[in-house]
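Below is protein_15.cif, holding mmCIF, C-alpha atoms and all ligand atoms.
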```cif
data_entry
#
loop_
_atom_site.group_PDB
_atom_site.id
_atom_site.type_symbol
_atom_site.label_atom_id
_atom_site.label_comp_id
_atom_site.auth_asym_id
_atom_site.auth_seq_id
_atom_site.Cartn_x
_atom_site.Cartn_y
_atom_site.Cartn_z
ATOM 1 C CA MET A 1 0.000 0.000 0.000
ATOM 2 C CA SER A 2 1.224 3.476 -0.822
ATOM 3 C CA ASP A 3 2.027 5.857 2.032
ATOM 4 C CA LYS A 4 2.068 8.824 -0.325
ATOM 5 C CA LYS A 5 1.348 11.835 1.844
ATOM 6 C CA HIS A 6 2.111 14.841 -0.306
ATOM 7 C CA ASP A 7 0.770 16.429 -3.403
ATOM 8 C CA GLY A 8 3.224 17.030 -6.184
ATOM 9 C CA ARG A 9 6.168 15.038 -7.454
ATOM 10 C CA VAL A 10 9.419 14.010 -5.821
ATOM 11 C CA LEU A 11 12.299 15.715 -7.651
ATOM 12 C CA ILE A 12 15.535 13.747 -7.190
ATOM 13 C CA THR A 13 18.873 15.139 -8.360
ATOM 14 C CA GLY A 14 21.579 12.630 -9.234
ATOM 15 C CA ALA A 15 18.934 9.968 -9.884
ATOM 16 C CA SER A 16 20.880 8.204 -12.645
ATOM 17 C CA ALA A 17 23.224 6.262 -10.324
ATOM 18 C CA GLY A 18 24.183 5.266 -6.797
ATOM 19 C CA ILE A 19 22.204 6.499 -3.795
ATOM 20 C CA GLY A 20 19.976 8.766 -5.926
ATOM 21 C CA ARG A 21 18.881 5.861 -8.119
ATOM 22 C CA GLU A 22 18.024 3.817 -5.026
ATOM 23 C CA LEU A 23 16.124 6.761 -3.567
ATOM 24 C CA ALA A 24 14.074 6.868 -6.773
ATOM 25 C CA PHE A 25 13.150 3.195 -6.230
ATOM 26 C CA GLN A 26 12.234 3.877 -2.582
ATOM 27 C CA PHE A 27 9.922 6.753 -3.432
ATOM 28 C CA ALA A 28 8.391 4.882 -6.398
ATOM 29 C CA ARG A 29 7.813 1.769 -4.288
ATOM 30 C CA ASN A 30 5.769 3.958 -1.970
ATOM 31 C CA GLY A 31 3.639 5.359 -4.762
ATOM 32 C CA HIS A 32 5.274 8.737 -5.390
ATOM 33 C CA ASP A 33 5.414 10.250 -8.860
ATOM 34 C CA LEU A 34 8.880 11.469 -9.749
ATOM 35 C CA ILE A 35 11.056 13.933 -11.618
ATOM 36 C CA LEU A 36 14.447 12.358 -12.357
ATOM 37 C CA VAL A 37 17.417 14.693 -12.800
ATOM 38 C CA ALA A 38 21.060 14.099 -13.781
ATOM 39 C CA ARG A 39 23.172 14.677 -16.893
ATOM 40 C CA SER A 40 22.867 11.172 -18.411
ATOM 41 C CA GLU A 41 19.559 11.189 -20.251
ATOM 42 C CA ALA A 42 19.824 7.568 -21.396
ATOM 43 C CA ALA A 43 20.336 6.263 -17.857
ATOM 44 C CA LEU A 44 17.421 8.357 -16.596
ATOM 45 C CA ASP A 45 15.202 7.063 -19.401
ATOM 46 C CA ASP A 46 16.032 3.444 -18.579
ATOM 47 C CA LEU A 47 15.249 4.161 -14.938
ATOM 48 C CA ARG A 48 11.951 5.858 -15.833
ATOM 49 C CA ILE A 49 10.836 2.837 -17.853
ATOM 50 C CA GLU A 50 11.726 0.449 -15.012
ATOM 51 C CA LEU A 51 9.998 2.554 -12.350
ATOM 52 C CA GLU A 52 6.846 3.023 -14.415
ATOM 53 C CA ASP A 53 6.777 -0.648 -15.298
ATOM 54 C CA VAL A 54 7.414 -2.117 -11.877
ATOM 55 C CA HIS A 55 5.856 0.451 -9.545
ATOM 56 C CA LYS A 56 3.146 1.951 -11.790
ATOM 57 C CA VAL A 57 4.133 5.540 -10.973
ATOM 58 C CA SER A 58 4.661 8.422 -13.383
ATOM 59 C CA ALA A 59 8.233 9.622 -13.817
ATOM 60 C CA LEU A 60 9.465 12.599 -15.819
ATOM 61 C CA VAL A 61 13.052 12.759 -17.051
ATOM 62 C CA MET A 62 14.684 16.180 -16.921
ATOM 63 C CA PRO A 63 18.355 15.985 -17.918
ATOM 64 C CA GLN A 64 20.299 18.925 -16.508
ATOM 65 C CA ASP A 65 23.902 19.707 -15.676
ATOM 66 C CA LEU A 66 23.456 21.429 -12.333
ATOM 67 C CA THR A 67 26.963 22.928 -12.406
ATOM 68 C CA LEU A 68 26.173 25.065 -15.448
ATOM 69 C CA ALA A 69 25.423 28.734 -14.886
ATOM 70 C CA ASN A 70 21.705 28.917 -14.079
ATOM 71 C CA GLY A 71 21.420 25.107 -14.368
ATOM 72 C CA PRO A 72 19.208 24.837 -11.241
ATOM 73 C CA GLN A 73 17.113 27.823 -12.368
ATOM 74 C CA LYS A 74 16.604 26.231 -15.805
ATOM 75 C CA LEU A 75 15.473 23.011 -14.164
ATOM 76 C CA ILE A 76 12.868 24.751 -11.996
ATOM 77 C CA ALA A 77 11.695 26.768 -15.019
ATOM 78 C CA LYS A 78 11.158 23.464 -16.910
ATOM 79 C CA VAL A 79 9.154 22.040 -13.998
ATOM 80 C CA ARG A 80 6.987 25.167 -13.835
ATOM 81 C CA ALA A 81 6.498 25.267 -17.611
ATOM 82 C CA MET A 82 5.025 21.770 -17.378
ATOM 83 C CA ASP A 83 2.728 22.948 -14.581
ATOM 84 C CA GLU A 84 4.196 20.392 -12.199
ATOM 85 C CA GLU A 85 4.462 20.858 -8.449
ATOM 86 C CA ILE A 86 7.386 19.643 -6.333
ATOM 87 C CA GLY A 87 6.045 18.033 -3.153
ATOM 88 C CA ILE A 88 9.409 16.625 -2.086
ATOM 89 C CA LEU A 89 12.852 17.848 -3.127
ATOM 90 C CA VAL A 90 15.767 15.431 -2.837
ATOM 91 C CA ASN A 91 19.127 17.174 -3.194
ATOM 92 C CA ASN A 92 21.309 14.143 -3.766
ATOM 93 C CA ALA A 93 23.664 14.959 -6.684
ATOM 94 C CA GLY A 94 27.221 15.430 -5.476
ATOM 95 C CA VAL A 95 30.844 14.950 -6.475
ATOM 96 C CA LEU A 96 33.969 14.154 -4.476
ATOM 97 C CA GLU A 97 37.575 15.106 -5.175
ATOM 98 C CA ALA A 98 40.299 13.627 -2.968
ATOM 99 C CA GLY A 99 43.864 14.771 -2.278
ATOM 100 C CA PRO A 100 45.605 17.750 -0.679
ATOM 101 C CA PHE A 101 43.830 21.074 -1.203
ATOM 102 C CA ALA A 102 47.040 22.678 -2.525
ATOM 103 C CA GLU A 103 46.942 20.220 -5.433
ATOM 104 C CA LEU A 104 43.232 20.468 -6.183
ATOM 105 C CA GLU A 105 42.583 21.969 -9.638
ATOM 106 C CA THR A 106 40.603 25.197 -9.351
ATOM 107 C CA LYS A 107 38.089 23.965 -11.936
ATOM 108 C CA LYS A 108 37.405 20.802 -9.926
ATOM 109 C CA ALA A 109 37.137 22.760 -6.670
ATOM 110 C CA GLN A 110 34.617 25.122 -8.228
ATOM 111 C CA ARG A 111 32.616 22.255 -9.743
ATOM 112 C CA MET A 112 32.356 20.572 -6.349
ATOM 113 C CA ILE A 113 31.101 23.788 -4.728
ATOM 114 C CA GLN A 114 28.716 24.432 -7.638
ATOM 115 C CA LEU A 115 27.098 21.006 -7.346
ATOM 116 C CA ASN A 116 27.352 20.134 -3.627
ATOM 117 C CA VAL A 117 26.615 23.652 -2.336
ATOM 118 C CA LEU A 118 25.295 26.084 -4.944
ATOM 119 C CA ALA A 119 22.866 23.790 -6.802
ATOM 120 C CA LEU A 120 21.455 22.439 -3.517
ATOM 121 C CA THR A 121 21.082 25.966 -2.134
ATOM 122 C CA THR A 122 19.470 27.383 -5.272
ATOM 123 C CA LEU A 123 16.995 24.517 -5.719
ATOM 124 C CA THR A 124 16.001 24.647 -2.049
ATOM 125 C CA ASN A 125 15.687 28.428 -2.121
ATOM 126 C CA MET A 126 13.466 28.298 -5.219
ATOM 127 C CA VAL A 127 11.233 25.432 -4.093
ATOM 128 C CA LEU A 128 10.783 26.201 -0.381
ATOM 129 C CA PRO A 129 8.523 29.303 -0.617
ATOM 130 C CA ASP A 130 5.807 27.314 -2.463
ATOM 131 C CA MET A 131 6.024 24.516 0.115
ATOM 132 C CA VAL A 132 5.656 26.976 2.996
ATOM 133 C CA ALA A 133 2.736 28.703 1.233
ATOM 134 C CA ARG A 134 1.049 25.291 0.754
ATOM 135 C CA GLY A 135 1.785 24.264 4.339
ATOM 136 C CA SER A 136 3.317 20.955 3.233
ATOM 137 C CA GLY A 137 6.484 19.609 1.726
ATOM 138 C CA ARG A 138 9.692 17.776 2.493
ATOM 139 C CA ILE A 139 13.332 18.341 1.608
ATOM 140 C CA LEU A 140 15.936 15.584 1.820
ATOM 141 C CA ASN A 141 19.513 16.831 1.580
ATOM 142 C CA VAL A 142 22.202 14.202 1.130
ATOM 143 C CA ALA A 143 25.091 15.238 3.377
ATOM 144 C CA SER A 144 27.664 12.734 4.712
ATOM 145 C CA THR A 145 29.433 11.531 7.841
ATOM 146 C CA ALA A 146 32.089 13.931 6.474
ATOM 147 C CA SER A 147 29.715 16.708 7.622
ATOM 148 C CA PHE A 148 30.677 16.141 11.265
ATOM 149 C CA GLN A 149 34.415 16.955 11.161
ATOM 150 C CA PRO A 150 37.094 18.353 8.873
ATOM 151 C CA ILE A 151 38.803 15.600 6.846
ATOM 152 C CA PRO A 152 42.306 16.291 5.524
ATOM 153 C CA MET A 153 42.712 14.919 1.951
ATOM 154 C CA LEU A 154 38.950 15.374 1.547
ATOM 155 C CA GLY A 155 38.994 18.908 2.944
ATOM 156 C CA LEU A 156 36.798 20.735 0.451
ATOM 157 C CA TYR A 157 34.385 17.817 0.057
ATOM 158 C CA ALA A 158 33.924 17.634 3.855
ATOM 159 C CA ALA A 159 33.467 21.416 3.978
ATOM 160 C CA THR A 160 30.677 21.243 1.372
ATOM 161 C CA LYS A 161 28.965 18.533 3.415
ATOM 162 C CA ALA A 162 29.373 20.530 6.662
ATOM 163 C CA PHE A 163 27.571 23.357 4.822
ATOM 164 C CA VAL A 164 24.716 21.017 3.885
ATOM 165 C CA LEU A 165 24.272 19.803 7.471
ATOM 166 C CA SER A 166 24.493 23.308 8.954
ATOM 167 C CA LEU A 167 21.943 24.776 6.512
ATOM 168 C CA THR A 168 19.609 21.813 7.020
ATOM 169 C CA GLU A 169 19.693 22.138 10.812
ATOM 170 C CA ALA A 170 19.096 25.894 10.689
ATOM 171 C CA MET A 171 16.183 25.496 8.251
ATOM 172 C CA SER A 172 14.644 22.733 10.340
ATOM 173 C CA GLN A 173 14.187 25.252 13.142
ATOM 174 C CA GLU A 174 12.951 28.042 10.878
ATOM 175 C CA LEU A 175 10.346 25.650 9.468
ATOM 176 C CA VAL A 176 8.865 24.522 12.798
ATOM 177 C CA GLY A 177 5.075 24.809 12.555
ATOM 178 C CA THR A 178 5.003 25.354 8.769
ATOM 179 C CA GLY A 179 4.156 21.782 7.756
ATOM 180 C CA VAL A 180 7.461 21.578 5.855
ATOM 181 C CA THR A 181 10.348 19.419 7.098
ATOM 182 C CA VAL A 182 13.997 19.163 6.097
ATOM 183 C CA THR A 183 16.277 16.188 6.635
ATOM 184 C CA ALA A 184 20.029 15.668 6.269
ATOM 185 C CA LEU A 185 20.943 12.107 5.290
ATOM 186 C CA CYS A 186 24.550 11.481 6.392
ATOM 187 C CA PRO A 187 25.849 8.201 4.907
ATOM 188 C CA GLY A 188 29.295 6.800 5.563
ATOM 189 C CA VAL A 189 31.312 5.133 2.801
ATOM 190 C CA THR A 190 28.734 3.599 0.455
ATOM 191 C CA LYS A 191 29.280 1.216 -2.454
ATOM 192 C CA THR A 192 28.717 3.522 -5.475
ATOM 193 C CA ASP A 193 30.650 4.863 -8.476
ATOM 194 C CA MET A 194 31.805 7.789 -6.320
ATOM 195 C CA VAL A 195 33.760 5.447 -4.056
ATOM 196 C CA ALA A 196 34.880 3.236 -6.967
ATOM 197 C CA ASN A 197 36.479 6.335 -8.535
ATOM 198 C CA VAL A 198 38.447 7.087 -5.347
ATOM 199 C CA GLN A 199 39.442 3.419 -5.149
ATOM 200 C CA GLU A 200 40.954 3.652 -8.643
ATOM 201 C CA ASP A 201 43.443 6.250 -7.319
ATOM 202 C CA SER A 202 44.034 4.762 -3.894
ATOM 203 C CA HIS A 203 45.454 1.336 -3.191
ATOM 204 C CA MET A 204 44.369 1.635 0.452
ATOM 205 C CA MET A 205 40.792 2.529 -0.437
ATOM 206 C CA SER A 206 40.688 -0.325 -2.947
ATOM 207 C CA GLN A 207 41.632 -2.709 -0.111
ATOM 208 C CA MET A 208 38.763 -1.525 2.077
ATOM 209 C CA PRO A 209 36.773 -4.585 3.218
ATOM 210 C CA GLU A 210 33.247 -4.719 1.799
ATOM 211 C CA PHE A 211 31.700 -4.883 5.277
ATOM 212 C CA PHE A 212 32.943 -1.332 5.995
ATOM 213 C CA MET A 213 30.845 -0.062 3.109
ATOM 214 C CA SER A 214 27.131 0.628 3.265
ATOM 215 C CA ASP A 215 24.757 -0.705 0.661
ATOM 216 C CA PRO A 216 23.147 2.144 -1.345
ATOM 217 C CA GLN A 217 19.760 0.439 -1.081
ATOM 218 C CA ASP A 218 19.935 0.403 2.751
ATOM 219 C CA VAL A 219 21.105 4.014 2.794
ATOM 220 C CA ALA A 220 18.221 5.061 0.534
ATOM 221 C CA LYS A 221 15.689 3.230 2.681
ATOM 222 C CA ARG A 222 16.947 4.992 5.811
ATOM 223 C CA GLY A 223 16.870 8.306 3.947
ATOM 224 C CA TYR A 224 13.321 7.740 2.731
ATOM 225 C CA ASN A 225 12.034 6.828 6.199
ATOM 226 C CA ALA A 226 13.804 9.780 7.838
ATOM 227 C CA CYS A 227 12.465 12.169 5.211
ATOM 228 C CA MET A 228 8.885 10.923 5.511
ATOM 229 C CA SER A 229 8.967 11.062 9.301
ATOM 230 C CA GLY A 230 10.541 14.532 9.298
ATOM 231 C CA ARG A 231 13.685 13.511 11.201
ATOM 232 C CA VAL A 232 16.340 16.232 10.952
ATOM 233 C CA ILE A 233 19.530 14.120 10.893
ATOM 234 C CA GLU A 234 19.827 10.508 9.767
ATOM 235 C CA VAL A 235 23.140 8.649 9.997
ATOM 236 C CA PRO A 236 22.726 5.121 8.564
ATOM 237 C CA GLY A 237 24.777 2.361 10.207
ATOM 238 C CA PHE A 238 25.909 1.820 13.804
ATOM 239 C CA ALA A 239 29.643 2.399 13.183
ATOM 240 C CA ASN A 240 28.856 5.677 11.383
ATOM 241 C CA GLN A 241 26.615 6.770 14.269
ATOM 242 C CA VAL A 242 29.420 6.081 16.765
ATOM 243 C CA GLY A 243 31.928 8.021 14.632
ATOM 244 C CA ALA A 244 29.584 11.000 14.226
ATOM 245 C CA ALA A 245 28.772 11.039 17.941
ATOM 246 C CA TRP A 246 32.478 10.831 18.874
ATOM 247 C CA SER A 247 33.345 13.810 16.640
ATOM 248 C CA GLN A 248 30.642 15.908 18.234
ATOM 249 C CA MET A 249 31.597 15.096 21.839
ATOM 250 C CA GLN A 250 35.343 15.816 21.589
ATOM 251 C CA PRO A 251 37.128 19.195 21.519
ATOM 252 C CA LYS A 252 37.839 20.395 17.988
ATOM 253 C CA TRP A 253 41.655 20.287 18.448
ATOM 254 C CA LEU A 254 41.472 16.592 19.348
ATOM 255 C CA VAL A 255 39.168 15.682 16.457
ATOM 256 C CA ARG A 256 41.298 17.449 13.831
ATOM 257 C CA ASN A 257 44.528 15.947 15.189
ATOM 258 C CA VAL A 258 43.129 12.399 15.277
ATOM 259 C CA VAL A 259 41.558 12.691 11.803
ATOM 260 C CA GLY A 260 44.722 14.417 10.543
ATOM 261 C CA PHE A 261 46.907 11.588 11.857
ATOM 262 C CA LEU A 262 44.653 8.943 10.279
ATOM 263 C CA SER A 263 44.511 10.741 6.933
ATOM 264 C CA ARG A 264 48.330 10.969 6.826
ATOM 265 C CA GLN A 265 48.418 7.163 6.987
ATOM 266 C CA THR A 266 46.443 6.948 3.726
ATOM 267 C CA ASP A 267 47.777 7.160 0.184
ATOM 268 C CA LEU A 268 45.304 9.873 -0.882
ATOM 269 C CA ALA A 269 48.151 12.398 -1.023
ATOM 270 C CA LYS A 270 49.092 11.886 -4.684
HETATM 271 N N1 LIG B 1 29.127 7.001 -1.888
HETATM 272 C C1 LIG B 1 29.477 7.427 -0.691
HETATM 273 O O1 LIG B 1 30.339 6.828 -0.005
HETATM 274 C C2 LIG B 1 28.803 8.637 -0.099
HETATM 275 C C3 LIG B 1 28.950 8.840 1.290
HETATM 276 C C4 LIG B 1 28.344 9.957 1.862
HETATM 277 C C5 LIG B 1 27.622 10.833 1.090
HETATM 278 N N2 LIG B 1 27.500 10.606 -0.262
HETATM 279 C C6 LIG B 1 26.737 11.606 -1.039
HETATM 280 O O2 LIG B 1 25.658 10.934 -1.659
HETATM 281 C C7 LIG B 1 25.303 11.625 -2.864
HETATM 282 C C8 LIG B 1 25.235 10.621 -4.004
HETATM 283 O O3 LIG B 1 26.515 10.021 -4.132
HETATM 284 P P1 LIG B 1 26.756 8.624 -4.857
HETATM 285 O O4 LIG B 1 27.801 7.932 -4.108
HETATM 286 O O5 LIG B 1 25.470 7.974 -5.150
HETATM 287 O O6 LIG B 1 27.431 9.189 -6.201
HETATM 288 P P2 LIG B 1 27.429 8.617 -7.702
HETATM 289 O O7 LIG B 1 27.122 7.182 -7.729
HETATM 290 O O8 LIG B 1 28.710 9.130 -8.286
HETATM 291 O O9 LIG B 1 26.207 9.410 -8.357
HETATM 292 C C9 LIG B 1 26.230 10.809 -8.459
HETATM 293 C C10 LIG B 1 24.960 11.274 -9.138
HETATM 294 O O10 LIG B 1 25.060 12.695 -9.318
HETATM 295 C C11 LIG B 1 24.857 12.993 -10.703
HETATM 296 N N3 LIG B 1 25.641 14.174 -11.086
HETATM 297 C C12 LIG B 1 27.004 14.286 -11.090
HETATM 298 N N4 LIG B 1 27.358 15.479 -11.583
HETATM 299 C C13 LIG B 1 26.206 16.122 -11.905
HETATM 300 C C14 LIG B 1 25.924 17.388 -12.470
HETATM 301 N N5 LIG B 1 26.915 18.230 -12.826
HETATM 302 N N6 LIG B 1 24.629 17.751 -12.668
HETATM 303 C C15 LIG B 1 23.630 16.885 -12.331
HETATM 304 N N7 LIG B 1 23.829 15.684 -11.795
HETATM 305 C C16 LIG B 1 25.114 15.304 -11.577
HETATM 306 C C17 LIG B 1 25.305 11.740 -11.440
HETATM 307 O O11 LIG B 1 24.677 11.611 -12.701
HETATM 308 P P3 LIG B 1 25.291 12.100 -14.097
HETATM 309 O O12 LIG B 1 26.732 11.703 -14.105
HETATM 310 O O13 LIG B 1 24.424 11.385 -15.074
HETATM 311 O O14 LIG B 1 25.076 13.569 -14.133
HETATM 312 C C18 LIG B 1 24.776 10.658 -10.513
HETATM 313 O O15 LIG B 1 23.409 10.443 -10.756
HETATM 314 C C19 LIG B 1 26.363 12.697 -3.064
HETATM 315 O O16 LIG B 1 25.872 13.931 -2.600
HETATM 316 C C20 LIG B 1 27.503 12.233 -2.173
HETATM 317 O O17 LIG B 1 28.320 13.292 -1.750
HETATM 318 C C21 LIG B 1 28.072 9.523 -0.865
#
```

Just give me the structure as structure tokens.
Amino acid sequence: MSDKKHDGRVLITGASAGIGRELAFQFARNGHDLILVARSEAALDDLRIELEDVHKVSALVMPQDLTLANGPQKLIAKVRAMDEEIGILVNNAGVLEAGPFAELETKKAQRMIQLNVLALTTLTNMVLPDMVARGSGRILNVASTASFQPIPMLGLYAATKAFVLSLTEAMSQELVGTGVTVTALCPGVTKTDMVANVQEDSHMMSQMPEFFMSDPQDVAKRGYNACMSGRVIEVPGFANQVGAAWSQMQPKWLVRNVVGFLSRQTDLAK
């Protein structure tokens, strides 16, 4: 039985792969109509066919590079031109670049901020007023366990995810009593292309035992449930919960020195 509770579609960014694709299945399984966003139109089309076939929902494919100037604005304009309403916004699309900040190409740094921070901020900022006016809506922002502490060798990535968690927490308080909720999903290392790409450059990461990695399907399920119940922060997996709690209970100098020591043992410094 469907537990669809909101009018309008669920717009999912980064729906063509990984956690976003699994989130699309979760929402479809529960009867939600969707708008699927990423750059790869063919992958989104295949997903649309599967979702419509198996779960009998309606899915629209809207290919968009969200790092392009006005990419998020163009996407929302397309949604409005089709007279569609966004009942739930899932800001999932993200990229990760590893290595020392001094060696990070400016173009890659900017792209990471454009996708992980600017696109998420712009989409949320454009969609939220209608939700508040309607008195209903949900936003699911995909952050990370990297949101809870600085991570040398993943410094900018962790900073973008700290931004996502901070904005989500602040909004959750601003939205009390409006009927709109916002959730930060904070996965640990999860078996997707994003991690496979880091593993290609890192012998140590490639040796990481499978049991340390979360399954994207489990992560998506936890994200879906947290979003629908209006929980503010969701950290899937016991080990990740312990790590996040530890980071928050220790003084900052201790956390950065411990994480700094551990990161210097890795081979992410190219
Ligand atoms: N995997 C992990 O260990 C992990 C852990 C914590 C948090 N996360 C977060 O979870 C989210 C999803 O990550 P994932 O591991 O599922 O990554 P993934 O498998 O690499 O998928 C990333 C998704 O984002 C889309 N995307 C990339 N660049 C885009 C752009 N410029 N415009 C629009 N869409 C774009 C990709 O589709 P196209 O290439 O077709 O555009 C793809 O659908 C990210 O925010 C990530 O930071 C991941």

Test item: which residues lie within 12 Å of (37.2, 14.3, 0.3) counting only C-alpha atoms, as a count of residues only = 37

Chain A residues near ligand LIG 1 (chain B) within 6 Å, closest pair each, using all atoms listed in the file, as a Markdown table:
```
| residue | atom | partner | partner_atom | distance |
| --- | --- | --- | --- | --- |
| A:Gly14 | CA | B:LIG1 | O15 | 3.2 |
| A:Ala15 | CA | B:LIG1 | O15 | 4.6 |
| A:Ser16 | CA | B:LIG1 | O15 | 3.9 |
| A:Ala17 | CA | B:LIG1 | O15 | 4.2 |
| A:Gly18 | CA | B:LIG1 | O5 | 3.4 |
| A:Ile19 | CA | B:LIG1 | O5 | 3.8 |
| A:Gly20 | CA | B:LIG1 | O5 | 5.6 |
| A:Ala38 | CA | B:LIG1 | N7 | 3.8 |
| A:Arg39 | CA | B:LIG1 | O14 | 3.5 |
| A:Ser40 | CA | B:LIG1 | O13 | 3.7 |
| A:Gln64 | CA | B:LIG1 | C15 | 5.7 |
| A:Asp65 | CA | B:LIG1 | N6 | 3.7 |
| A:Leu66 | CA | B:LIG1 | N6 | 3.9 |
| A:Thr67 | CA | B:LIG1 | N5 | 4.7 |
| A:Asn92 | CA | B:LIG1 | O16 | 4.7 |
| A:Ala93 | CA | B:LIG1 | O10 | 3.7 |
| A:Gly94 | CA | B:LIG1 | O16 | 3.5 |
| A:Val95 | CA | B:LIG1 | O17 | 5.6 |
| A:Val142 | CA | B:LIG1 | O16 | 5.2 |
| A:Ala143 | CA | B:LIG1 | C5 | 5.6 |
| A:Ser144 | CA | B:LIG1 | C4 | 4.0 |
| A:Pro187 | CA | B:LIG1 | C4 | 4.3 |
| A:Gly188 | CA | B:LIG1 | C3 | 4.7 |
| A:Val189 | CA | B:LIG1 | O1 | 3.4 |
| A:Thr190 | CA | B:LIG1 | O1 | 3.6 |
| A:Lys191 | CA | B:LIG1 | N1 | 5.8 |
| A:Thr192 | CA | B:LIG1 | O7 | 4.6 |
| A:Asp193 | CA | B:LIG1 | O7 | 4.3 |
| A:Met194 | CA | B:LIG1 | O8 | 3.9 |
| A:Val195 | CA | B:LIG1 | N1 | 5.3 |
```

To one decimal place, how far is CA of Met249 in chain A from CA of Met213 in chain A in Å?
->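 That distance, rounded to one decimal, is 24.1 Å.
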
Arg29 in chain A surroundings by all atoms listed in the file, 9 Å radius, close-in-sequence under 6 positions cut, as a PyMOL selection string | chain A and resi 2+51+54-57

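Each of A:Ala239, A:Ile113, A:Met204, A:Leu23 was compared to Thr266 in chain A using only C-alpha atoms, and A:Met204 turns out to be the nearest.
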
Please return, as a list in words, all polymer residues that have at least one atom within 6 Å of the point (11.6, 15.5, -7.6); use only C-alpha atoms and the file's own coordinate frame.
-> Arg9, Val10, Leu11, Ile12, Leu34, Ile35 and Leu89 of chain A

Using the chain letters and numbers from the file, which residues does the PyMOL selection byres (((chain A and resi 73) around 12) and not hetatm) grab, as a list in words?
-> Gln64, Asp65, Leu66, Thr67, Leu68, Ala69, Asn70, Gly71, Pro72, Lys74, Leu75, Ile76, Ala77, Lys78, Val79, Arg80, Leu118, Ala119, Leu120, Thr121, Thr122, Leu123, Thr124, Asn125, Met126 and Val127 of chain A

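Computed from the coordinates, the CA of Asp7 in chain A to CA of Arg48 in chain A distance equals 19.8 Å.
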
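As for CA of Gln26 in chain A and CA of Gln217 in chain A, they are spaced 8.4 Å apart.
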
Matched chain/residue IDs from the PyMOL selection byres (((chain A and resi 140) around 9) and not hetatm), as a list in words =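 When the PyMOL selection byres (((chain A and resi 140) around 9) and not hetatm) is applied, the selected residues are Ile88, Leu89, Val90, Asn91, Asn92, Arg138, Ile139, Asn141, Val142, Thr168, Thr181, Val182, Thr183, Ala184, Leu185, Gly223, Tyr224, Ala226 and Cys227 of chain A.
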
Take every atom of range 229-238 of chain A listed in the file, pad by 5 Å on each side, and give me the axis-aligned box centre and edge lengths in Å, one decimal, as lines of an AutoDock Vina configuration file.
```
center_x = 17.4
center_y = 9.0
center_z = 11.2
size_x = 26.9
size_y = 24.4
size_z = 15.2
```

Using all atoms listed in the file, pick whichever of A:Ser172, A:Ser247, A:Asn116, A:Thr178 has the shortest atom-to-atom distance to Val132 in chain A.
->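 Of A:Ser172, A:Ser247, A:Asn116, A:Thr178, the one nearest Val132 in chain A is A:Thr178, counting all atoms listed in the file.
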
Taking the file as shown, what set of residues would the PyMOL selection byres (((chain A and resi 85) around 7) and not hetatm) give back, as a ChimeraX atom specification?
-> /A:8-9,83-84,86-87

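The nearest approach to Val37 in chain A among the residues A:Gln248, A:Thr13, A:Ser229, A:Asn240, with all atoms listed in the file taken into account, belongs to A:Thr13.
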